[in-house]
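Q: Okay, so here is structure-v4.csv, and as you'll see once you scroll down, it has CSV, C-alpha atoms.
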chain,number,residue,atom,x,y,z
A,1427,MET,CA,18.6,-9.1,5.3
A,1428,THR,CA,21.0,-8.2,8.2
A,1429,HIS,CA,23.7,-10.9,7.9
A,1430,HIS,CA,24.6,-13.7,5.5
A,1431,LYS,CA,27.2,-16.5,5.5
A,1432,GLY,CA,28.1,-19.7,3.7
A,1433,VAL,CA,27.0,-22.9,5.4
A,1434,ASN,CA,28.0,-26.5,4.6
A,1435,LEU,CA,25.0,-28.5,3.5
A,1436,ARG,CA,25.9,-31.4,5.7
A,1437,ASP,CA,25.5,-29.2,8.7
A,1438,VAL,CA,21.8,-28.5,7.8
A,1439,LYS,CA,18.9,-30.8,8.2
A,1440,VAL,CA,17.2,-31.4,4.8
A,1441,ASN,CA,14.7,-33.9,3.7
A,1442,ASP,CA,14.7,-36.0,0.5
A,1443,THR,CA,12.3,-33.7,-1.3
A,1444,GLN,CA,14.3,-30.5,-0.6
A,1445,GLU,CA,14.8,-28.2,-3.5
A,1446,PHE,CA,17.5,-25.7,-4.0
A,1447,ILE,CA,17.8,-22.4,-5.9
A,1448,GLN,CA,21.1,-21.8,-7.7
A,1449,VAL,CA,21.7,-18.1,-8.3
A,1450,ARG,CA,23.6,-17.2,-11.5
A,1451,PRO,CA,26.0,-14.3,-11.8
A,1452,TYR,CA,24.3,-10.9,-11.8
A,1453,GLN,CA,22.8,-9.6,-15.0
A,1454,GLU,CA,20.0,-7.2,-15.7
A,1455,GLY,CA,16.5,-8.4,-15.1
A,1456,SER,CA,14.3,-9.5,-12.2
A,1457,LEU,CA,15.6,-11.7,-9.4
A,1458,GLU,CA,13.5,-14.6,-10.7
A,1459,ASP,CA,15.5,-14.4,-14.0
A,1460,LEU,CA,18.7,-15.0,-12.1
A,1461,TRP,CA,17.9,-18.3,-10.3
A,1462,GLN,CA,17.2,-21.9,-11.3
A,1463,VAL,CA,15.5,-24.5,-9.2
A,1464,ARG,CA,17.7,-27.6,-8.6
A,1465,SER,CA,17.0,-31.0,-7.0
A,1466,SER,CA,20.5,-31.2,-5.6
A,1467,CYS,CA,23.3,-28.9,-4.4
A,1468,GLU,CA,26.5,-29.9,-6.2
A,1469,SER,CA,28.8,-27.5,-4.4
A,1470,GLY,CA,27.7,-28.7,-1.0
A,1471,ARG,CA,27.5,-25.0,0.2
A,1472,ILE,CA,24.4,-23.0,0.8
A,1473,VAL,CA,23.8,-19.4,1.8
A,1474,ALA,CA,22.2,-18.7,5.1
A,1475,LEU,CA,20.4,-15.3,5.5
A,1476,LYS,CA,19.4,-13.7,8.7
A,1477,CYS,CA,16.4,-11.4,8.0
A,1478,SER,CA,15.0,-8.4,9.8
A,1479,GLU,CA,11.6,-6.9,9.6
A,1480,CYS,CA,11.9,-3.3,8.6
A,1481,GLY,CA,9.8,-0.3,7.5
A,1482,LEU,CA,6.6,-1.4,9.1
A,1483,LEU,CA,4.5,0.9,11.2
A,1484,PRO,CA,2.5,-0.3,14.3
A,1485,ARG,CA,-1.2,-0.5,13.7
A,1486,ALA,CA,-1.8,2.8,15.7
A,1487,VAL,CA,3.5,7.5,11.3
A,1488,ARG,CA,13.2,20.2,12.8
A,1489,VAL,CA,10.1,20.4,10.9
A,1490,VAL,CA,8.6,23.8,10.0
A,1491,GLY,CA,4.9,23.7,9.2
A,1492,GLY,CA,4.5,20.2,10.5
A,1493,THR,CA,2.4,18.5,13.2
A,1494,GLU,CA,3.2,16.8,16.4
A,1495,VAL,CA,3.6,13.0,16.4
A,1496,SER,CA,2.2,10.3,18.6
A,1497,PRO,CA,4.5,7.6,20.0
A,1498,GLY,CA,5.2,4.8,17.5
A,1499,ARG,CA,4.3,6.9,14.5
A,1500,TRP,CA,7.9,6.8,13.1
A,1501,PRO,CA,9.5,4.0,15.2
A,1502,TRP,CA,12.9,4.2,13.6
A,1503,GLN,CA,13.3,7.9,14.5
A,1504,VAL,CA,15.9,8.5,17.2
A,1505,SER,CA,17.2,11.6,19.0
A,1506,LEU,CA,21.0,11.8,19.2
A,1507,TYR,CA,22.2,13.6,22.4
A,1508,HIS,CA,25.7,15.1,22.5
A,1509,GLY,CA,26.3,15.7,26.2
A,1510,SER,CA,22.9,16.6,27.8
A,1511,GLN,CA,21.3,18.1,24.7
A,1512,HIS,CA,19.5,17.0,21.6
A,1513,HIS,CA,21.9,17.6,18.7
A,1514,CYS,CA,20.6,15.7,15.7
A,1515,GLY,CA,18.2,13.1,14.5
A,1516,GLY,CA,18.9,9.6,13.2
A,1517,SER,CA,17.3,6.4,12.0
A,1518,VAL,CA,17.4,2.8,13.2
A,1519,LEU,CA,18.9,0.5,10.6
A,1520,ALA,CA,19.2,-2.6,12.8
A,1521,ARG,CA,19.3,-3.3,16.5
A,1522,GLU,CA,22.9,-2.1,16.8
A,1523,TRP,CA,23.1,0.4,14.0
A,1524,ILE,CA,22.0,4.1,13.6
A,1525,VAL,CA,22.4,6.1,10.5
A,1526,THR,CA,22.7,9.9,10.6
A,1527,ALA,CA,24.4,12.8,8.8
A,1528,ALA,CA,28.2,13.1,8.8
A,1529,HIS,CA,28.0,16.8,9.6
A,1530,CYS,CA,26.4,15.9,12.9
A,1531,VAL,CA,29.3,13.9,14.1
A,1532,HIS,CA,32.3,15.1,12.1
A,1533,ARG,CA,33.9,17.2,14.8
A,1534,ARG,CA,32.4,15.1,17.6
A,1535,LEU,CA,33.8,11.6,17.1
A,1536,GLN,CA,34.2,10.7,20.7
A,1537,ALA,CA,31.6,7.9,21.0
A,1538,SER,CA,31.3,8.1,24.8
A,1539,ALA,CA,29.9,11.7,24.5
A,1540,TRP,CA,26.8,10.5,22.6
A,1541,LEU,CA,23.5,8.9,23.8
A,1542,VAL,CA,20.8,7.5,21.5
A,1543,PHE,CA,17.2,7.8,22.5
A,1544,ALA,CA,14.8,5.5,20.7
A,1545,GLY,CA,11.0,4.9,21.0
A,1546,VAL,CA,10.3,8.3,22.5
A,1547,THR,CA,8.7,11.4,21.0
A,1548,THR,CA,9.1,14.1,23.8
A,1549,HIS,CA,12.3,15.3,25.3
A,1550,GLY,CA,10.7,15.3,28.7
A,1551,SER,CA,10.6,11.5,28.6
A,1552,MET,CA,14.3,11.2,27.7
A,1553,LYS,CA,15.9,10.3,31.0
A,1554,GLN,CA,19.6,9.9,30.9
A,1555,GLU,CA,19.5,6.2,32.0
A,1556,ALA,CA,17.2,5.4,29.1
A,1557,GLY,CA,19.7,6.5,26.5
A,1558,VAL,CA,21.9,3.9,24.8
A,1559,SER,CA,25.6,4.5,24.6
A,1560,VAL,CA,27.5,4.6,21.4
A,1561,LYS,CA,30.4,2.2,20.8
A,1562,LYS,CA,31.8,3.5,17.5
A,1563,ILE,CA,31.1,6.3,15.0
A,1564,ILE,CA,32.1,6.0,11.3
A,1565,TYR,CA,31.5,8.8,8.8
A,1566,HIS,CA,32.0,8.5,5.0
A,1567,PRO,CA,35.6,8.9,4.0
A,1568,LEU,CA,34.7,11.2,1.1
A,1569,TYR,CA,32.6,13.5,3.3
A,1570,ASN,CA,33.2,17.1,2.4
A,1571,ASP,CA,32.6,19.6,5.2
A,1572,SER,CA,32.2,22.6,2.9
A,1573,SER,CA,29.9,21.1,0.2
A,1574,LEU,CA,28.3,18.5,2.5
A,1575,ASP,CA,28.8,15.9,-0.3
A,1576,TYR,CA,28.7,12.3,1.1
A,1577,ASP,CA,26.9,13.5,4.2
A,1578,ILE,CA,26.3,10.2,6.0
A,1579,ALA,CA,27.6,8.5,9.1
A,1580,VAL,CA,26.7,5.4,11.1
A,1581,MET,CA,26.8,4.7,14.8
A,1582,LYS,CA,27.3,1.3,16.4
A,1583,LEU,CA,25.6,1.0,19.7
A,1584,GLN,CA,27.1,-0.5,22.9
A,1585,VAL,CA,24.0,-2.8,23.3
A,1586,PRO,CA,21.4,-3.8,20.8
A,1587,LEU,CA,18.0,-2.0,20.9
A,1588,ASN,CA,15.0,-4.0,22.0
A,1589,PHE,CA,12.5,-3.8,19.1
A,1590,SER,CA,8.8,-3.1,20.0
A,1591,ASP,CA,5.9,-1.2,18.6
A,1592,ALA,CA,7.8,2.0,19.4
A,1593,ILE,CA,11.2,0.9,18.2
A,1594,ARG,CA,11.7,-0.6,14.7
A,1595,ALA,CA,14.2,-0.5,11.9
A,1596,VAL,CA,13.6,1.4,8.7
A,1597,CYS,CA,14.2,-0.3,5.3
A,1598,LEU,CA,16.9,0.9,3.0
A,1599,PRO,CA,15.9,1.7,-0.6
A,1600,PRO,CA,16.7,-0.6,-3.5
A,1601,PRO,CA,19.9,0.4,-5.3
A,1602,HIS,CA,18.3,1.3,-8.6
A,1603,GLN,CA,14.9,2.8,-7.6
A,1604,ASP,CA,13.5,5.6,-9.8
A,1605,LEU,CA,12.5,8.5,-7.5
A,1606,PHE,CA,9.8,10.4,-9.3
A,1607,GLN,CA,9.3,14.1,-8.9
A,1608,GLY,CA,6.2,14.7,-6.8
A,1609,THR,CA,6.4,11.4,-4.8
A,1610,GLN,CA,5.0,12.2,-1.4
A,1611,CYS,CA,7.5,11.4,1.4
A,1612,TRP,CA,7.7,12.4,5.1
A,1613,VAL,CA,10.4,14.1,7.1
A,1614,SER,CA,10.4,14.1,10.9
A,1615,GLY,CA,12.5,15.6,13.7
A,1616,TRP,CA,12.7,17.7,16.8
A,1617,GLY,CA,14.3,20.7,15.1
A,1618,TYR,CA,13.1,24.3,15.1
A,1619,THR,CA,9.4,24.6,14.3
A,1620,ARG,CA,9.9,28.3,13.3
A,1621,PRO,CA,13.0,29.5,11.5
A,1622,ASP,CA,13.5,32.2,14.1
A,1623,GLN,CA,12.7,30.0,17.1
A,1624,GLY,CA,16.3,29.2,18.2
A,1625,GLN,CA,15.5,26.1,20.1
A,1626,VAL,CA,14.5,22.6,19.3
A,1627,ALA,CA,10.9,21.3,19.7
A,1628,GLU,CA,9.8,19.5,22.8
A,1629,THR,CA,7.8,16.9,20.8
A,1630,LEU,CA,8.7,15.1,17.6
A,1631,ASN,CA,7.2,16.8,14.5
A,1632,GLU,CA,6.4,15.4,11.0
A,1633,ALA,CA,5.6,17.0,7.7
A,1634,PRO,CA,4.8,15.6,4.2
A,1635,VAL,CA,7.3,16.8,1.6
A,1636,PRO,CA,7.2,15.8,-2.1
A,1637,LEU,CA,10.4,14.9,-4.0
A,1638,ILE,CA,11.7,17.6,-6.3
A,1639,GLY,CA,13.8,16.6,-9.4
A,1640,THR,CA,17.5,17.2,-9.1
A,1641,LYS,CA,17.5,19.1,-12.4
A,1642,ARG,CA,14.9,21.5,-11.2
A,1643,CYS,CA,16.6,21.8,-7.8
A,1644,ASN,CA,19.9,22.5,-9.4
A,1645,SER,CA,18.5,25.3,-11.6
A,1646,SER,CA,19.7,28.8,-11.4
A,1647,CYS,CA,16.7,30.1,-9.4
A,1648,VAL,CA,17.0,27.3,-6.8
A,1649,TYR,CA,20.4,26.0,-5.8
A,1650,GLY,CA,22.4,26.8,-9.0
A,1651,GLY,CA,24.2,23.5,-9.4
A,1652,GLU,CA,25.2,22.9,-5.8
A,1653,LEU,CA,23.6,19.5,-5.6
A,1654,THR,CA,25.8,16.4,-6.3
A,1655,ALA,CA,24.7,12.9,-7.2
A,1656,ARG,CA,24.7,12.1,-3.5
A,1657,MET,CA,22.0,14.6,-2.8
A,1658,LEU,CA,18.3,15.0,-3.5
A,1659,CYS,CA,15.6,17.6,-2.9
A,1660,ALA,CA,12.2,17.5,-1.2
A,1661,GLY,CA,9.8,20.1,-0.1
A,1662,TYR,CA,7.9,23.0,-1.6
A,1663,LEU,CA,9.3,25.7,-3.9
A,1664,PRO,CA,6.9,28.3,-2.3
A,1665,GLY,CA,8.4,27.4,1.1
A,1666,LYS,CA,6.3,27.2,4.4
A,1667,ILE,CA,7.1,23.5,5.1
A,1668,ASP,CA,10.6,22.2,5.6
A,1669,ALA,CA,13.2,20.6,7.8
A,1670,CYS,CA,15.2,23.0,10.0
A,1671,GLN,CA,18.1,23.2,12.5
A,1672,GLY,CA,18.0,20.2,14.9
A,1673,ASP,CA,16.5,17.9,12.3
A,1674,SER,CA,19.8,17.1,10.7
A,1675,GLY,CA,20.6,13.4,10.4
A,1676,GLY,CA,16.9,12.5,10.6
A,1677,PRO,CA,14.9,10.5,8.1
A,1678,LEU,CA,13.2,11.3,4.9
A,1679,VAL,CA,11.0,8.2,4.3
A,1680,CYS,CA,8.9,7.2,1.3
A,1681,GLN,CA,6.5,4.3,1.2
A,1682,ASP,CA,6.4,1.8,-1.6
A,1683,ARG,CA,4.1,-1.3,-1.9
A,1684,PHE,CA,6.0,-3.2,0.8
A,1685,ALA,CA,7.4,-0.8,3.4
A,1686,TRP,CA,8.7,2.6,4.4
A,1687,ARG,CA,12.2,3.2,3.1
A,1688,LEU,CA,14.9,5.6,4.1
A,1689,VAL,CA,15.3,7.6,0.9
A,1690,GLY,CA,17.1,10.6,2.4
A,1691,ILE,CA,18.9,12.0,5.4
A,1692,VAL,CA,18.3,15.6,6.5
A,1693,SER,CA,21.4,17.4,5.3
A,1694,TRP,CA,21.2,21.1,4.4
A,1695,GLY,CA,19.3,23.9,2.9
A,1696,ARG,CA,19.4,27.7,2.7
A,1697,GLY,CA,17.4,29.0,5.7
A,1698,CYS,CA,14.3,27.0,6.6
A,1699,ALA,CA,11.1,26.9,4.6
A,1700,GLU,CA,12.2,29.8,2.4
A,1701,PRO,CA,10.8,30.2,-1.2
A,1702,ASN,CA,13.0,28.5,-3.8
A,1703,HIS,CA,15.1,26.8,-1.1
A,1704,PRO,CA,13.7,23.4,-0.4
A,1705,GLY,CA,15.4,20.9,1.9
A,1706,VAL,CA,18.4,19.0,0.6
A,1707,TYR,CA,18.9,15.4,1.7
A,1708,THR,CA,21.7,12.8,1.4
A,1709,ASN,CA,20.7,10.4,-1.3
A,1710,VAL,CA,20.8,7.1,0.6
A,1711,ALA,CA,20.5,4.8,-2.5
A,1712,GLN,CA,23.7,6.2,-3.8
A,1713,LEU,CA,25.6,5.2,-0.7
A,1714,LEU,CA,24.3,1.7,-0.1
A,1715,PRO,CA,27.6,-0.1,-0.9
A,1716,TRP,CA,29.3,1.9,1.8
A,1717,ILE,CA,26.5,1.3,4.4
A,1718,TYR,CA,26.6,-2.5,3.7
A,1719,ARG,CA,30.4,-2.7,3.8
A,1720,VAL,CA,30.8,-0.8,7.1
A,1721,THR,CA,28.0,-2.5,8.9
A,1722,GLU,CA,29.4,-5.9,7.9
A,1723,ILE,CA,33.0,-5.1,8.9
A,1724,TYR,CA,32.2,-3.7,12.3
Would it be possible to restate this file's structure as structure tokens?

A:
Amino acid sequence: MTHHKGVNLRDVKVNDTQEFIQVRPYQEGSLEDLWQVRSSCESGRIVALKCSECGLLPRAVRVVGGTEVSPGRWPWQVSLYHGSQHHCGGSVLAREWIVTAAHCVHRRLQASAWLVFAGVTTHGSMKQEAGVSVKKIIYHPLYNDSSLDYDIAVMKLQVPLNFSDAIRAVCLPPPHQDLFQGTQCWVSGWGYTRPDQGQVAETLNEAPVPLIGTKRCNSSCVYGGELTARMLCAGYLPGKIDACQGDSGGPLVCQDRFAWRLVGIVSWGRGCAEPNHPGVYTNVAQLLPWIYRVTEIY
């Protein structure tokens, strides 16, 4: 759902057999427990929803230890250029909205300096005229530049993206989803493919990374309590495969029965692919109210 509004029933064509669903105030339980079927609408007001297809891959899916990606594999992945260079990754939330990491934009809030490239996997195909200009940048007001807590920002584009097989939106996670340790997820980006490389990759890379429980990741031998509730870990404690510089702001996606969901945003880590230092990601589910509020207001 991308937009919702109240509509007067008299402004909508309905037939005599039309049924309505009345939603009761929120309580614990499934959605079906919250609604009742009615033959009439006593209030005369109904809710109109505008829905968007998200998290689906076309029929043809900085990463250290990863593999190069064919076009359309991760259609929500974008490259964020600051000036004439790739600076960070990001993900398409809707035609006009990109989500990335706050640390990517925190000191670079001038929207006109940014270009968004969607639907491409190699930097050679990113021609300046194909980039989409940014209209507005909003980062989380509680973002902490030293701890990287609340490391999330959204960009509103000057013109909406044209969705295709190569450009699609990613789904957001449900608010109360249990993320189980070991769940196989994927990270993608153009960041360094070797920790000592010093330059971003020409082609988009991907790597499978399992989720690591926060308790384990906060243990003394890993990150020693540095993770907050707005962070999660994914990767391998022995190292070898990880996100790296240039991947920041990009997606960590996990697949459920219905779609691919943006579970994390590449945020920080100690080194790249080092033993006992897996990647740390912004925990998107913890920040859903802010995402929904900002994208509705602006």

Q: Write out as a PyMOL selection string the residues lying within 8 Å of Leu1574 (chain A), counting all atoms listed in the file and excluding same-chain residues fewer than 5 positions away.

A: chain A and resi 1529+1569+1693-1694

Q: Please, which residues are within 8 Å of (11.1, 8.5, -1.3) by the file's coordinates, counting all atoms listed in the file, and could they come as a PyMOL selection string?

A: chain A and resi 1605+1609-1611+1637+1678-1681+1687-1690

Q: To one decimal place, how far is CA of Pro1621 (chain A) from CA of Gln1503 (chain A) in Å?

A: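 A separation of 21.8 Å between them.
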
Q: Do you have the CA of Ala1579 (chain A)-CA of Ile1563 (chain A) distance handy?

A: 7.2 Å

Q: Skip Ser1466 (chain A) itself and residues of its chain fewer than 6 positions away, then list as a VMD selection string all residues within 10 Å of it, counting all atoms listed in the file.

A: chain A and resid 1442 to 1448

Q: Can you measure CA of Thr1721 (chain A) to CA of Leu1658 (chain A) for me? One decimal in Å is fine.

A: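 Between these atoms lies a distance of 23.5 Å.
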
Q: Sort by chain and increasing residue number a table of all residues of region 1428-1505 of chain A within 6 Å of region 1584-1602 of chain A, each with its closest pair of atoms and their distance in Å to one decimal, counting all atoms listed in the file, and write it as a tab-separated table.

A:
residue	atom	partner	partner_atom	distance
A:Cys1480	CA	A:Ala1595	CA	4.9
A:Gly1481	CA	A:Val1596	CA	4.3
A:Pro1484	CA	A:Asp1591	CA	5.6
A:Gly1498	CA	A:Ala1592	CA	4.3
A:Pro1501	CA	A:Ile1593	CA	4.6
A:Trp1502	CA	A:Arg1594	CA	5.1

Q: Using only C-alpha atoms, which of A:Leu1630, A:Val1473, A:Leu1713, A:Leu1460 sits nearest Ala1544 (chain A)?

A: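 With only C-alpha atoms as the atom set, the closest residue is A:Leu1630.
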
Q: Wanna dump the region 1530-1587 of chain A-region 1491-1497 of chain A contacts at 8 Å for me, each residue with its shortest atom pair and the distance in Å to one decimal, counting all atoms listed in the file, ordered by chain and number, as a Markdown table?

A:
| residue | atom | partner | partner_atom | distance |
| --- | --- | --- | --- | --- |
| A:Gly1545 | CA | A:Pro1497 | CA | 7.1 |
| A:Val1546 | CA | A:Pro1497 | CA | 6.4 |
| A:Thr1547 | CA | A:Pro1497 | CA | 5.8 |

Q: Check the smallest atom-to-atom distance from each of A:Ser1517, A:Gln1536, A:Thr1640, A:Ser1572 to Gly1608 (chain A) using all atoms listed in the file, then report the winner.

A: A:Thr1640

Q: What's around region 1651-1657 of chain A at 8 Å? Count only C-alpha atoms, leave out sequence neighbours fewer than 4 positions away in its own chain, and write the answer as a ChimeraX atom specification.

A: /A:1573,1575-1576,1640,1643-1646,1706-1710,1712-1713

Q: Please produce a file of the residues just selected, as a PDB file, keeping the file's coordinate frame, where the atoms kept are C-alpha atoms.

A:
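This went into selection12.pdb:
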ATOM      1  CA  SER A1573      29.900  21.100   0.200  1.00  0.00           C
ATOM      2  CA  ASP A1575      28.800  15.900  -0.300  1.00  0.00           C
ATOM      3  CA  TYR A1576      28.700  12.300   1.100  1.00  0.00           C
ATOM      4  CA  THR A1640      17.500  17.200  -9.100  1.00  0.00           C
ATOM      5  CA  CYS A1643      16.600  21.800  -7.800  1.00  0.00           C
ATOM      6  CA  ASN A1644      19.900  22.500  -9.400  1.00  0.00           C
ATOM      7  CA  SER A1645      18.500  25.300 -11.600  1.00  0.00           C
ATOM      8  CA  SER A1646      19.700  28.800 -11.400  1.00  0.00           C
ATOM      9  CA  VAL A1706      18.400  19.000   0.600  1.00  0.00           C
ATOM     10  CA  TYR A1707      18.900  15.400   1.700  1.00  0.00           C
ATOM     11  CA  THR A1708      21.700  12.800   1.400  1.00  0.00           C
ATOM     12  CA  ASN A1709      20.700  10.400  -1.300  1.00  0.00           C
ATOM     13  CA  VAL A1710      20.800   7.100   0.600  1.00  0.00           C
ATOM     14  CA  GLN A1712      23.700   6.200  -3.800  1.00  0.00           C
ATOM     15  CA  LEU A1713      25.600   5.200  -0.700  1.00  0.00           C
TER      16      LEU A1713
END

Q: Missing atoms in region 1575-1603 of chain A need filling: write out N, CA and C atoms for it as a compact mmCIF listing (two decimals), in the frame of the given file.

A:
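In the end it all went to part-v5.txt:
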# COMPACT_ATOMS: atom_id res chain seq x y z
N ASP A 1575 28.92 17.06 0.58
CA ASP A 1575 28.80 15.90 -0.30
C ASP A 1575 29.15 14.65 0.62
N TYR A 1576 28.51 13.52 0.33
CA TYR A 1576 28.70 12.30 1.10
C TYR A 1576 28.36 12.49 2.58
N ASP A 1577 27.27 13.17 2.84
CA ASP A 1577 26.90 13.50 4.20
C ASP A 1577 26.17 12.39 4.91
N ILE A 1578 26.93 11.39 5.32
CA ILE A 1578 26.30 10.20 6.00
C ILE A 1578 27.33 9.63 6.97
N ALA A 1579 26.79 9.13 8.09
CA ALA A 1579 27.60 8.50 9.10
C ALA A 1579 26.75 7.40 9.78
N VAL A 1580 27.42 6.40 10.35
CA VAL A 1580 26.70 5.40 11.10
C VAL A 1580 27.29 5.30 12.51
N MET A 1581 26.43 4.92 13.44
CA MET A 1581 26.80 4.70 14.80
C MET A 1581 26.55 3.27 15.20
N LYS A 1582 27.53 2.62 15.81
CA LYS A 1582 27.30 1.30 16.40
C LYS A 1582 27.04 1.43 17.86
N LEU A 1583 25.95 0.82 18.33
CA LEU A 1583 25.60 1.00 19.70
C LEU A 1583 26.31 -0.03 20.62
N GLN A 1584 26.45 0.35 21.90
CA GLN A 1584 27.10 -0.50 22.90
C GLN A 1584 26.28 -1.79 23.11
N VAL A 1585 24.95 -1.61 23.16
CA VAL A 1585 24.00 -2.80 23.30
C VAL A 1585 22.93 -2.66 22.32
N PRO A 1586 22.43 -3.80 21.83
CA PRO A 1586 21.40 -3.80 20.80
C PRO A 1586 20.07 -3.18 21.39
N LEU A 1587 19.31 -2.52 20.53
CA LEU A 1587 18.00 -2.00 20.90
C LEU A 1587 17.01 -3.18 21.04
N ASN A 1588 16.05 -3.03 21.94
CA ASN A 1588 15.00 -4.00 22.00
C ASN A 1588 13.82 -3.50 21.15
N PHE A 1589 13.55 -4.21 20.06
CA PHE A 1589 12.50 -3.80 19.10
C PHE A 1589 11.13 -3.99 19.78
N SER A 1590 10.20 -3.08 19.45
CA SER A 1590 8.80 -3.10 20.00
C SER A 1590 7.97 -2.33 19.02
N ASP A 1591 6.71 -2.05 19.42
CA ASP A 1591 5.90 -1.20 18.60
C ASP A 1591 6.45 0.20 18.45
N ALA A 1592 7.23 0.63 19.44
CA ALA A 1592 7.80 2.00 19.40
C ALA A 1592 9.16 2.07 18.85
N ILE A 1593 9.84 0.93 18.70
CA ILE A 1593 11.20 0.90 18.20
C ILE A 1593 11.32 -0.15 17.10
N ARG A 1594 11.56 0.29 15.87
CA ARG A 1594 11.70 -0.60 14.70
C ARG A 1594 12.74 -0.07 13.77
N ALA A 1595 13.19 -0.94 12.88
CA ALA A 1595 14.20 -0.50 11.90
C ALA A 1595 13.42 0.02 10.64
N VAL A 1596 14.06 0.96 9.96
CA VAL A 1596 13.60 1.40 8.70
C VAL A 1596 14.22 0.61 7.59
N CYS A 1597 13.56 0.44 6.46
CA CYS A 1597 14.20 -0.30 5.30
C CYS A 1597 15.05 0.66 4.54
N LEU A 1598 16.10 0.11 3.97
CA LEU A 1598 16.90 0.90 3.00
C LEU A 1598 16.26 0.77 1.65
N PRO A 1599 16.52 1.73 0.78
CA PRO A 1599 15.90 1.70 -0.60
C PRO A 1599 16.66 0.68 -1.44
N PRO A 1600 16.02 0.19 -2.49
CA PRO A 1600 16.70 -0.60 -3.50
C PRO A 1600 17.77 0.23 -4.19
N PRO A 1601 18.84 -0.38 -4.74
CA PRO A 1601 19.90 0.40 -5.30
C PRO A 1601 19.53 1.19 -6.58
N HIS A 1602 18.58 0.68 -7.34
CA HIS A 1602 18.30 1.30 -8.60
C HIS A 1602 16.84 1.77 -8.72
N GLN A 1603 16.33 2.35 -7.65
CA GLN A 1603 14.90 2.80 -7.60
C GLN A 1603 14.80 4.16 -8.28
